[in-house]
$ cat query.cif   # mmCIF, C-alpha atoms
data_coords
#
loop_
_atom_site.label_atom_id
_atom_site.label_comp_id
_atom_site.auth_asym_id
_atom_site.auth_seq_id
_atom_site.Cartn_x
_atom_site.Cartn_y
_atom_site.Cartn_z
CA MET S 80 137.47 73.69 177.45
CA LEU S 81 137.39 77.17 175.96
CA ALA S 82 138.22 80.07 178.26
CA ILE S 83 135.23 82.19 179.25
CA ASP S 84 135.51 85.83 180.28
CA LEU S 85 132.71 87.56 182.20
CA LEU S 86 132.27 91.28 182.86
CA LEU S 87 130.23 92.47 185.84
CA HIS S 88 128.94 96.03 185.71
CA LEU S 89 128.66 97.85 189.02
CA ASP S 90 127.07 101.21 189.69
CA HIS S 91 127.53 100.71 193.44
CA LEU S 92 130.24 99.20 195.65
CA GLU S 93 128.10 96.65 197.49
CA LEU S 94 129.35 93.17 196.62
CA ASP S 95 126.75 91.30 198.67
CA ALA S 96 124.05 92.23 196.16
CA PRO S 97 122.19 90.08 193.61
CA ALA S 98 124.26 90.95 190.52
CA PRO S 99 127.70 90.38 192.12
CA ARG S 100 126.43 87.17 193.75
CA ALA S 101 125.08 85.95 190.42
CA ALA S 102 128.29 86.86 188.58
CA LEU S 103 130.43 85.06 191.16
CA ALA S 104 128.21 81.97 191.08
CA LEU S 105 128.25 81.97 187.28
CA ALA S 106 132.04 82.30 187.16
CA GLN S 107 132.45 79.39 189.57
CA ARG S 108 130.03 77.24 187.60
CA LEU S 109 131.82 77.90 184.31
CA GLY S 110 135.38 78.18 185.60
CA ALA S 111 135.44 81.66 184.07
CA ARG S 112 137.50 84.77 184.60
CA LEU S 113 135.42 87.53 186.20
CA ASP S 114 136.26 91.21 185.91
CA ALA S 115 134.22 93.92 187.64
CA LEU S 116 133.80 97.35 186.08
CA TYR S 117 132.58 100.27 188.17
CA VAL S 118 131.42 103.20 186.06
CA ALA S 119 131.07 106.64 187.61
CA ASP S 120 128.45 108.01 185.26
CA LEU S 121 128.34 111.76 184.77
CA PRO S 122 124.72 112.49 183.78
CA ALA S 123 124.06 114.78 180.84
CA THR S 124 121.99 117.02 183.12
CA ALA S 125 125.22 117.88 184.94
CA PHE S 126 126.04 120.22 182.06
CA SER S 127 122.69 122.02 182.04
CA LEU S 128 124.04 124.64 184.45
CA PRO S 129 127.64 125.67 183.68
CA GLU S 130 128.26 126.75 187.26
CA ALA S 131 127.37 123.23 188.48
CA VAL S 132 129.86 121.44 186.24
CA PRO S 133 132.91 121.75 188.56
CA VAL S 134 130.90 120.38 191.47
CA GLN S 135 129.66 117.44 189.39
CA LEU S 136 133.14 116.69 188.10
CA GLU S 137 134.55 116.79 191.61
CA GLU S 138 131.86 114.41 192.85
CA THR S 139 132.54 112.04 189.94
CA GLN S 140 136.26 112.04 190.70
CA ARG S 141 135.50 111.35 194.37
CA ARG S 142 133.47 108.30 193.35
CA VAL S 143 136.27 107.11 191.07
CA THR S 144 138.83 107.42 193.87
CA GLU S 145 136.58 105.60 196.32
CA ALA S 146 135.93 102.80 193.82
CA GLN S 147 139.64 102.36 193.08
CA SER S 148 140.24 101.69 196.77
CA HIS S 149 138.08 98.53 196.52
CA ASP S 150 140.53 96.68 194.29
CA GLY S 151 141.87 94.62 197.19
CA VAL S 152 138.40 93.67 198.42
CA TRP S 153 137.46 92.40 194.96
CA ARG S 154 140.65 90.38 194.57
CA GLN S 155 140.11 88.81 197.99
CA THR S 156 136.50 88.00 197.07
CA LEU S 157 137.71 86.22 193.94
CA ALA S 158 140.52 84.40 195.74
CA GLU S 159 138.13 83.01 198.35
CA ARG S 160 136.24 81.34 195.51
CA GLY S 161 139.24 80.19 193.53
CA LEU S 162 138.57 82.71 190.78
CA THR S 163 140.71 85.16 188.84
CA GLY S 164 139.85 88.60 187.52
CA ALA S 165 140.45 92.32 187.76
CA TRP S 166 138.81 95.36 189.30
CA ARG S 167 138.29 98.11 186.73
CA VAL S 168 137.12 101.68 187.26
CA SER S 169 136.04 104.18 184.64
CA GLN S 170 134.00 107.34 184.26
CA GLY S 171 131.71 108.47 181.50
CA ASP S 172 128.45 107.41 179.93
CA THR S 173 127.48 103.99 181.29
CA VAL S 174 126.08 102.53 178.07
CA GLN S 175 128.94 103.77 175.89
CA THR S 176 131.58 102.60 178.37
CA LEU S 177 130.04 99.16 178.88
CA SER S 178 129.34 98.61 175.19
CA GLN S 179 132.98 99.28 174.40
CA ALA S 180 134.35 97.21 177.28
CA ALA S 181 132.01 94.26 176.67
CA CYS S 182 133.54 93.63 173.25
CA GLY S 183 136.38 91.80 174.97
CA TYR S 184 134.13 89.51 177.00
CA ASP S 185 131.79 86.60 176.37
CA LEU S 186 128.99 87.83 178.61
CA LEU S 187 127.97 90.99 180.47
CA VAL S 188 126.27 90.88 183.89
CA MET S 189 124.06 93.81 184.89
CA GLU S 190 121.69 94.53 187.77
CA ARG S 191 118.20 95.81 187.01
CA SER S 192 116.58 97.93 189.67
CA GLN S 193 112.91 97.24 190.31
CA GLN S 194 112.45 100.82 191.51
CA ARG S 195 114.29 102.32 188.53
CA SER S 196 113.00 99.79 186.04
CA ASP S 197 113.62 100.76 182.43
CA ALA S 198 110.93 98.35 181.32
CA PRO S 199 107.99 100.61 180.39
CA VAL S 200 109.75 101.97 177.31
CA GLY S 201 112.94 99.95 177.24
CA PHE S 202 115.38 102.83 176.93
CA GLY S 203 117.21 102.51 180.24
CA SER S 204 120.83 101.48 180.74
CA VAL S 205 120.19 97.72 180.87
CA SER S 206 118.08 97.49 177.73
CA ARG S 207 120.33 99.92 175.84
CA CYS S 208 123.33 97.74 176.68
CA VAL S 209 121.49 94.66 175.43
CA PHE S 210 121.14 96.45 172.08
CA ALA S 211 124.49 98.24 171.96
CA SER S 212 126.98 95.78 173.45
CA GLY S 213 126.59 93.01 170.90
CA ARG S 214 126.99 90.52 173.74
CA PRO S 215 124.58 88.33 175.70
CA VAL S 216 123.62 89.96 178.99
CA LEU S 217 122.74 88.31 182.29
CA VAL S 218 120.09 90.65 183.68
CA VAL S 219 119.78 90.24 187.44
CA PRO S 220 116.76 91.82 189.17
CA ASP S 221 117.77 93.53 192.39
CA LEU S 222 115.06 91.51 194.18
CA ALA S 223 116.32 88.12 192.95
CA PRO S 224 117.39 85.77 195.77
CA VAL S 225 120.27 84.30 193.65
CA LYS S 226 120.91 81.10 195.58
CA SER S 227 122.28 79.45 192.44
CA ILE S 228 122.67 80.14 188.72
CA GLY S 229 122.17 77.59 185.97
CA GLU S 230 121.09 74.55 187.96
CA ARG S 231 117.45 74.72 186.85
CA ILE S 232 116.99 76.57 183.56
CA LEU S 233 113.84 77.65 181.77
CA VAL S 234 114.31 78.47 178.07
CA ALA S 235 111.71 80.60 176.32
CA TRP S 236 112.08 79.66 172.66
CA ASN S 237 110.18 81.32 169.81
CA GLY S 238 112.33 80.40 166.84
CA SER S 239 113.60 83.95 166.34
CA ARG S 240 117.13 85.14 165.67
CA GLU S 241 117.23 86.60 169.17
CA SER S 242 116.19 83.37 170.89
CA ALA S 243 118.78 81.45 168.87
CA LEU S 244 121.51 83.86 169.98
CA ALA S 245 120.44 83.46 173.62
CA LEU S 246 120.33 79.66 173.31
CA ALA S 247 123.83 79.56 171.83
CA ALA S 248 125.16 81.90 174.53
CA ALA S 249 123.68 79.68 177.23
CA LEU S 250 125.20 76.48 175.80
CA PRO S 251 127.95 76.07 178.48
CA LEU S 252 125.32 76.47 181.20
CA LEU S 253 122.80 74.18 179.51
CA GLN S 254 125.41 71.44 179.29
CA LYS S 255 125.97 71.63 183.06
CA ALA S 256 122.36 72.14 184.19
CA GLN S 257 120.54 69.62 186.36
CA GLN S 258 117.14 70.41 184.89
CA ILE S 259 116.08 72.16 181.67
CA ARG S 260 112.59 72.97 180.52
CA ILE S 261 111.89 74.63 177.19
CA LEU S 262 108.69 76.49 176.42
CA ASP S 263 108.39 76.33 172.64
CA GLY S 264 106.37 79.18 171.19
CA SER S 265 107.92 78.98 167.72
CA GLU S 266 104.51 78.49 166.12
CA MET S 267 104.12 82.28 166.26
CA ASN S 268 107.10 82.60 163.88
CA ALA S 269 106.33 79.55 161.73
CA ASP S 270 106.39 81.63 158.54
CA LEU S 271 110.04 82.67 159.07
CA LEU S 272 113.09 80.79 157.82
CA PRO S 273 114.21 78.53 160.72
CA VAL S 274 117.38 79.82 162.35
CA LEU S 275 118.52 76.40 163.59
CA PRO S 276 119.73 73.66 161.21
CA PRO S 277 117.00 71.17 160.21
CA PRO S 278 115.23 69.35 161.68
CA GLY S 279 115.24 71.98 164.41
CA LEU S 280 115.28 72.49 168.15
CA ALA S 281 115.10 68.92 169.49
CA ASP S 282 117.87 67.76 167.15
CA TRP S 283 120.05 70.78 168.00
CA LEU S 284 119.75 70.01 171.70
CA GLN S 285 120.55 66.33 171.20
CA ARG S 286 123.62 67.07 169.06
CA HIS S 287 124.94 69.32 171.85
CA GLY S 288 124.37 66.71 174.54
CA ILE S 289 121.48 68.54 176.21
CA GLN S 290 118.54 66.70 177.75
CA ALA S 291 115.49 68.93 178.07
CA GLN S 292 111.75 68.75 178.53
CA ILE S 293 110.05 70.58 175.67
CA ASP S 294 106.53 71.92 176.16
CA VAL S 295 104.47 73.96 173.75
CA LEU S 296 103.82 77.52 174.84
CA ASP S 297 100.33 78.49 173.79
CA THR S 298 100.51 81.54 171.58
CA GLY S 299 98.59 84.67 172.41
CA PRO S 300 99.33 88.28 173.32
CA SER S 301 103.02 88.66 174.10
CA HIS S 302 102.39 90.12 177.55
CA VAL S 303 100.36 86.99 178.33
CA ALA S 304 103.30 84.91 177.13
CA GLY S 305 105.55 86.90 179.46
CA ALA S 306 103.34 86.12 182.44
CA ALA S 307 103.20 82.44 181.45
CA ILE S 308 107.00 82.26 181.22
CA LEU S 309 107.42 83.83 184.65
CA ASP S 310 104.79 81.53 186.17
CA ALA S 311 106.53 78.51 184.63
CA ALA S 312 109.88 79.66 186.04
CA HIS S 313 108.38 79.94 189.52
CA GLN S 314 106.71 76.52 189.27
CA GLN S 315 109.97 74.92 188.14
CA GLY S 316 112.01 76.73 190.77
CA ALA S 317 114.17 77.96 187.90
CA ASP S 318 117.21 80.02 188.82
CA LEU S 319 117.70 81.25 185.24
CA ILE S 320 115.53 82.18 182.26
CA VAL S 321 117.13 82.08 178.81
CA MET S 322 115.41 84.03 176.05
CA GLY S 323 115.84 86.40 173.17
CA ALA S 324 115.22 90.07 173.88
CA TRP S 325 113.03 92.32 171.76
CA SER S 326 112.19 90.03 168.87
CA ARG S 327 109.93 92.92 167.97
CA SER S 328 111.08 96.53 168.02
CA ARG S 329 111.16 98.45 171.29
CA LEU S 330 108.59 100.85 169.83
CA ALA S 331 106.21 97.98 169.12
CA GLN S 332 106.72 96.66 172.63
CA MET S 333 106.11 100.09 174.10
CA VAL S 334 102.83 100.48 172.20
CA LEU S 335 101.60 96.89 172.09
CA GLY S 336 103.32 95.35 175.08
CA GLY S 337 105.68 92.43 174.81
CA THR S 338 107.31 89.44 176.46
CA THR S 339 110.62 91.20 177.11
CA ARG S 340 108.89 94.27 178.47
CA HIS S 341 106.72 92.20 180.83
CA LEU S 342 109.65 90.21 182.20
CA PHE S 343 111.80 93.31 182.61
CA MET S 344 108.98 94.94 184.56
CA HIS S 345 107.87 92.02 186.71
CA GLY S 346 110.61 89.40 186.62
CA ASP S 347 112.37 88.31 189.80
CA VAL S 348 114.46 85.56 188.16
CA PRO S 349 117.84 86.28 186.49
CA MET S 350 117.55 86.32 182.69
CA LEU S 351 120.22 85.54 180.11
CA VAL S 352 119.12 87.56 177.11
CA ALA S 353 120.52 88.38 173.68
CA HIS S 354 119.53 90.64 170.83
#
$ encode --input "query.cif" --output "structure tokens"
Amino acid sequence: MLAIDLLLHLDHLELDAPAPRAALALAQRLGARLDALYVADLPATAFSLPEAVPVQLEETQRRVTEAQSHDGVWRQTLAERGLTGAWRVSQGDTVQTLSQAACGYDLLVMERSQQRSDAPVGFGSVSRCVFASGRPVLVVPDLAPVKSIGERILVAWNGSRESALALAAALPLLQKAQQIRILDGSEMNADLLPVLPPPGLADWLQRHGIQAQIDVLDTGPSHVAGAAILDAAHQQGADLIVMGAWSRSRLAQMVLGGTTRHLFMHGDVPMLVAH
């Protein structure tokens, strides 16, 4: 089995929260290494008033020092679950720091705040990391119960490059899942060159040893598709949604709405996404 390395982003030090719980459950399920990275982000507005800069820098350093003191807690948390990994602390711009760090990992885990959702325009830290990191991202809503990860998976497939990247990233989880349902909306992209080898999705799944129920997702407005995917996840009791992110541009999603935008705004199920 290939080694898998996961990176958990933290902007707080609470480990009994949805994203850390999801990352720990995912690492156990995959037998993966799990590193946590706390980033003390210094906002650009801190430099708007020169006299405030020393205070902001001092506060950032205080957060760094406090975070560094949690190394032992993290290592104990891993040891209790039979996992290995490191506790990392950095300061700087969150997106730039994570995008650089994620290059050495197979998957990035991030928490999305429902109160600070970046969904309406898609330019918040989570969505920017999906674009900039070049890695699949497990997006965990801060309201998600996270009782398990990857036991019951819903795949939203539309035949796009993005959905193919997400499907490939989820392969180790799909091969271990108890139940997989795929909503196939590829008819909306029927005019594009197929991204999977012929004859397509069903054959690809079979060749990778994956048993799945495939249902056609009725095409329509993308925000309607987003609601249908979320409803299907709830009906299935899915603990993970796998899908491509922003098959259309973020500007198009901002103006016209979109599946990714809808799920980022309203989703309460962890999502493994790729762009």
$ resolve_selection --input "query.cif" --expression "the PyMOL selection byres ((chain S and resi 250-261) around 7)" --output "list in words"
Gly229, Glu230, Arg231, Ile232, Leu233, Val234, Ala235, Trp236, Leu246, Ala247, Ala248, Ala249, Leu262, Asp263, Gly288, Ile289, Ala291, Gln292, Ile293 and Asp294 of chain S
$ resolve_selection --input "query.cif" --expression "the PyMOL selection byres ((chain S and resi 275) around 12)" --output "list in words"
Trp236, Asn237, Gly238, Ser239, Arg240, Glu241, Ser242, Ala243, Leu244, Leu246, Ala247, Ser265, Leu271, Leu272, Pro273, Val274, Pro276, Pro277, Pro278, Gly279, Leu280, Ala281, Asp282, Trp283, Leu284 and Arg286 of chain S
$ resolve_selection --input "query.cif" --expression "the PyMOL selection byres ((chain S and resi 153) around 12)" --output "number ranges by chain"
S: 87, 89, 92-95, 99, 103, 113-117, 146-152, 154-160, 162-167
$ atom_distance --input "query.cif" --atom1 "CA of Arg340 in chain S" --atom2 "CA of Ala102 in chain S"
23.1 Å
$ residues_around --input "query.cif" --residues "Val303 in chain S" --least-positions-apart "5" --cutoff "9 Å" --atoms "all atoms listed in the file" --output "number ranges by chain"
S: 298, 308, 337-338, 341
$ closest_residue --input "query.cif" --among "S:Val225, S:Gly305, S:Cys208, S:Ala353" --to "Ser326 in chain S" --atoms "all atoms listed in the file"
S:Ala353
$ closest_residue --input "query.cif" --among "S:Ile83, S:Leu177, S:Val209, S:Val219" --to "Ala106 in chain S" --atoms "all atoms listed in the file"
S:Ile83
$ closest_residue --input "query.cif" --among "S:Asp84, S:Trp325, S:Asp172, S:Ser212" --to "Tyr184 in chain S" --atoms "all atoms listed in the file"
S:Asp84
$ closest_residue --input "query.cif" --among "S:Ala104, S:Leu342, S:Ala180, S:Leu319" --to "Ala304 in chain S" --atoms "all atoms listed in the file"
S:Leu342
$ closest_residue --input "query.cif" --among "S:Ser227, S:Gln140, S:Thr176, S:Gln135" --to "Pro97 in chain S" --atoms "all atoms listed in the file"
S:Ser227
$ closest_residue --input "query.cif" --among "S:Ala98, S:Leu296, S:Leu309, S:Leu81" --to "Asp185 in chain S" --atoms "all atoms listed in the file"
S:Leu81
$ residues_around --input "query.cif" --residues "Pro224 in chain S" --least-positions-apart "6" --cutoff "10 Å" --atoms "all atoms listed in the file" --output "PDB file with C-alpha atoms, in the coordinates of the input"
ATOM      1  CA  ALA S  96     124.050  92.230 196.160  1.00  0.00           C
ATOM      2  CA  PRO S  97     122.190  90.080 193.610  1.00  0.00           C
ATOM      3  CA  ARG S 100     126.430  87.170 193.750  1.00  0.00           C
ATOM      4  CA  ALA S 101     125.080  85.950 190.420  1.00  0.00           C
ATOM      5  CA  ASP S 318     117.210  80.020 188.820  1.00  0.00           C
ATOM      6  CA  ASP S 347     112.370  88.310 189.800  1.00  0.00           C
ATOM      7  CA  VAL S 348     114.460  85.560 188.160  1.00  0.00           C
ATOM      8  CA  PRO S 349     117.840  86.280 186.490  1.00  0.00           C
TER       9      PRO S 349
END
$ atom_distance --input "query.cif" --atom1 "CA of Met322 in chain S" --atom2 "CA of Leu351 in chain S"
6.5 Å
